[in-house]
Amino acid sequence: MSLSVPDLNFRVIAPALIVALTALIVLLAELVTPAPRKRWLGVLGLIGLLIAAGATVGLWGAPASAFGGMVVADNFGLFLTLVILLGAALSILLALDFVRAHRVDQGEYYVLVLFAVVGMILMATATDLIVIFLALELLSLPLYILAAFKRADARSLEAGLKYFLLGAFSSAFFLYGIAFIFGGTGTTNLMKIADALAKNPRNDLLLVGAGLLLVGFAFKVALVPFHWWTPDVYDGAPTAVTAFMSVGVKAAAFGAFFRAFLVALPAFAFDWRIVLAALAVLTMTLGNVAALLQSNVKRMLAYSSIAHAGYILIALVAMGASGLSSALFYLLAYTLTNLGAFGAVIALSDGERERLEIRDWGGAARQYPFIAAMFAIFMLSLAGFPPLAGFTGKFLIFSAAVETGWAWLAVIGVLNSLVSAYFYLRPIVQMYMSEPVPGWDRIRVAPLVALALVLALIGVIALGLYPTPAIVMATGGFLR
Amino acid sequence: MPVDYLPILVMIAIVTAFAVIALTLSAMTGPRRPNPTKLSPYESGMPPFGSARRRFSIKYYLTAVLFILFDIEIIFFYPWAVLFRDLGWFGLSAMGTFMLVLLIGYVYVWRKGGFEWD
Amino acid sequence: MESIPFYFLAALAVLAALGVVVMRDPVYSALALAVVLTALAGLYVLLSAPFLAAAQVMIYAGAILILFVFVIMLLSPGREGDAPRGALKWQRPLAVIFGGALVAQLALVLLMTILPTGRGLYTPEYLAQIGSTQAVGAALFTDYLLPFEITSLLLLVAMVGVIVLAKKKS
């Protein structure tokens, strides 16, 4: 038997490899770290993420593929890798004090975050459906566990169970889709699927497979009508976990979503663009309308994240270079802004008590002027006010849609943004106009959480005022 | 080739037939004089107590999941073992990496007391 | 003639799968699932993939099914339907409609499609020559090396998860 060793180009998977090694080291270190020093494991994880970010930058601009075309290091994947690493690093900063306040100060927390990051990076850089599926599982499994991480809290356990059951259900759709695609083309490699499609454009099996794949992706990025799990899971999971998964999963899953549909299935674009446009309209509208009705900040942010998935979907419908770069920029802006918003919730929590209801935020501006101001800025950025990152992102996506002849979709997007302004402004009004709510003692804001908030704030303002470098970086495109 | 599995099929047929015939014959020919002792489930001579349908401890679940995870690991040894010579050092290092990751998991589970009942 | 075992096993799998869904007692569902998984192992044998069949029996019909039974016992078994329901009543007709639509759609496509008749690399003759387990190994350690190594991380995460969620804190 002749065996050919695949091209083992470890450089290409260096970022994921470094994070995986860090996770293994942290897992072993957890065994010998005494309880009061567990936070150093988080610091260890942060160092690993920084080194991985360095490796990612080192790969920039020289697209390469490895392992028989299963993963690539192209600028699209590397940009998302950086977004994921940034989101993970900020969320670990948020978690270092959070886990102690919630008495879940265990090294496993960071281990699971790091393994989820490995899955996310692989998902954003994979060019083979098998790897995309395994990466999807590798990012989902730790998140199911993290959602249930606060074992003493029944709501956290419920969130974990719900997320697991619906996630497993959607994985089955995804896998079934892969099977159909393999049946129709004889391959799971995205480029080879495109080749097979070019030779034989009528392929019903592939079409069915693509539809099932779409369901799997729609579950993960929470598109209406596959979004039911989102509010319950985001609400029930520990806030630091919610912050991490709301940004990381979106970046990774949208990365694979874009790559699968734009690299493998452009020949079907006429069909799926209409479907996705309809999903985008549904997702934006239902997400924003449902967010209007929420009195709980975490649920409001959950529905807001659904709506943002709708905006990003517009970029996929638009296709083309401008659609791609606008989506990448939007994911970066969303990561910073959303982490900031959840970070503010963590910053003002009193031990295990969090200001979950919007009315709890009354008078917060008087007690905590800086945190309140930052929270207000994050809310304004989510709503899309200039000159903040959220505005630039929306502007790029809507103009990409107009450019490619989807002006009506952009108009619906703009109308939705107007609606969303109402519920994003509500907590701001509450903070600045209402009297302080009794029962909330003055607390000391954890310095690391404040640091994470300031970092996110700098990013949000910088991306709003001077977006050009990030936009240039986002226009790298795929390696096909 | 699937034809090679014919003996297994024949065996399944014989076993099924034997079970059906034995049960039918004994039901038809044997006398039926039930009493409570005869009707109670056979528990290796122990008197049965309680219902079998009670909640089990989560410890069983812990053990079962850990068993499955290492069971899956072992399955991957077969394709490697049959190609051990062809794959050479490359296969050894590939399998070594795989095993190392799971060994770390083993050490973790062990140190956390996952193999202990209490 | 050749396809008789296939249709037998396929029908067995589908019937047993229906049993999994229809049975009211979860323990019976688990037993029906054992039949499904074993029938699938038989189908793998027909496809000249005895290694997969053995793995299927060892992992699924053996280990995972035992886990299923443990979980059923863990959840304090009772017949389905004893639990109060009603809040989600409207889901039932919707599930039937959408599930039926999905099945009809898949069936339609499969009936419409002329399945490719060309044979791939792994013909029964080729597999008989090199051996089924060897074929799996050759694919696993060359083309699918990266997925193989990712699997080890996945198993490790599951280990961490089971300790974090199910082990009593000392």
# chains A, B, ... in the order shown; residues from 1 in each chain; ligands from 1
$ interface_residues --of "chain C" --to "chain A" --cutoff "12 Å" --atoms "only C-alpha atoms" --output "JSON, numbers by chain"
{"C": [102, 103, 105, 106, 107, 108, 109, 110, 111, 112, 113, 114, 115, 116, 117, 118, 119, 120, 121, 126, 127, 129, 130, 131, 134, 135, 137, 138, 139, 140, 141, 142, 143, 144, 145, 146, 147, 148, 149, 150, 151, 152, 153, 154, 155, 156, 157, 158, 159, 160, 161, 162, 163, 164, 165, 166, 167, 168, 169]}
$ residues_around --residues "segment 235-243 of chain A" --least-positions-apart "3" --cutoff "8 Å" --atoms "only C-alpha atoms" --output "PyMOL selection string"
chain A and resi 91+94-95+98+143+146-150+155-160+231-232+246-247+298-299+302+338-339+342-343+345-346
$ write_last_selection --atoms "C-alpha atoms" --output "CSV table (one decimal), in the first residue's frame"
chain,number,residue,atom,x,y,z
A,91,SER,CA,-13.8,38.2,27.7
A,94,LEU,CA,-13.9,40.3,32.1
A,95,ALA,CA,-14.0,36.9,33.6
A,98,PHE,CA,-16.4,37.6,37.6
A,143,LEU,CA,-19.8,26.6,25.3
A,146,LEU,CA,-19.6,27.0,30.1
A,147,ALA,CA,-23.3,28.0,29.8
A,148,ALA,CA,-24.0,25.5,32.6
A,149,PHE,CA,-20.8,26.3,34.5
A,150,LYS,CA,-22.5,27.9,37.5
A,155,ARG,CA,-31.0,28.9,35.4
A,156,SER,CA,-27.4,28.4,34.3
A,157,LEU,CA,-28.0,24.6,34.1
A,158,GLU,CA,-31.1,25.2,32.2
A,159,ALA,CA,-29.3,27.4,29.7
A,160,GLY,CA,-26.6,24.8,29.3
A,231,PRO,CA,-32.7,34.7,24.6
A,232,ASP,CA,-32.9,31.8,27.1
A,246,SER,CA,-22.2,36.3,21.7
A,247,VAL,CA,-19.1,37.5,19.8
A,298,LYS,CA,-29.4,40.4,28.9
A,299,ARG,CA,-32.5,39.4,27.0
A,302,ALA,CA,-29.8,38.6,23.1
A,338,ASN,CA,-21.0,43.9,22.5
A,339,LEU,CA,-18.2,42.8,24.8
A,342,PHE,CA,-21.9,43.0,28.6
A,343,GLY,CA,-18.7,44.2,30.3
A,345,VAL,CA,-23.2,44.7,33.2
A,346,ILE,CA,-20.4,42.8,34.8
$ interface_residues --of "chain B" --to "chain C" --cutoff "9 Å" --atoms "only C-alpha atoms" --output "PyMOL selection string"
chain B and resi 1-3+5+53-62+64-73+75-76+78-83+87+90-91+94-95+97-99+101-102+104-106+108-109+112-114+118
$ closest_residue --among "A:Ile25, A:Ala52, A:Ala210, A:Val12" --to "chain B" --atoms "only C-alpha atoms"
A:Ile25
$ select_by_dssp --residues "chain C" --states "alpha helix (DSSP H)" --output "PyMOL selection string"
chain C and resi 4-22+26-46+50-55+65-74+91-112+124-130+132-141+145-166
$ atom_distance --atom1 "atom CA of Ser399 of chain A" --atom2 "atom CA of Ser322 of chain A"
8.5 Å
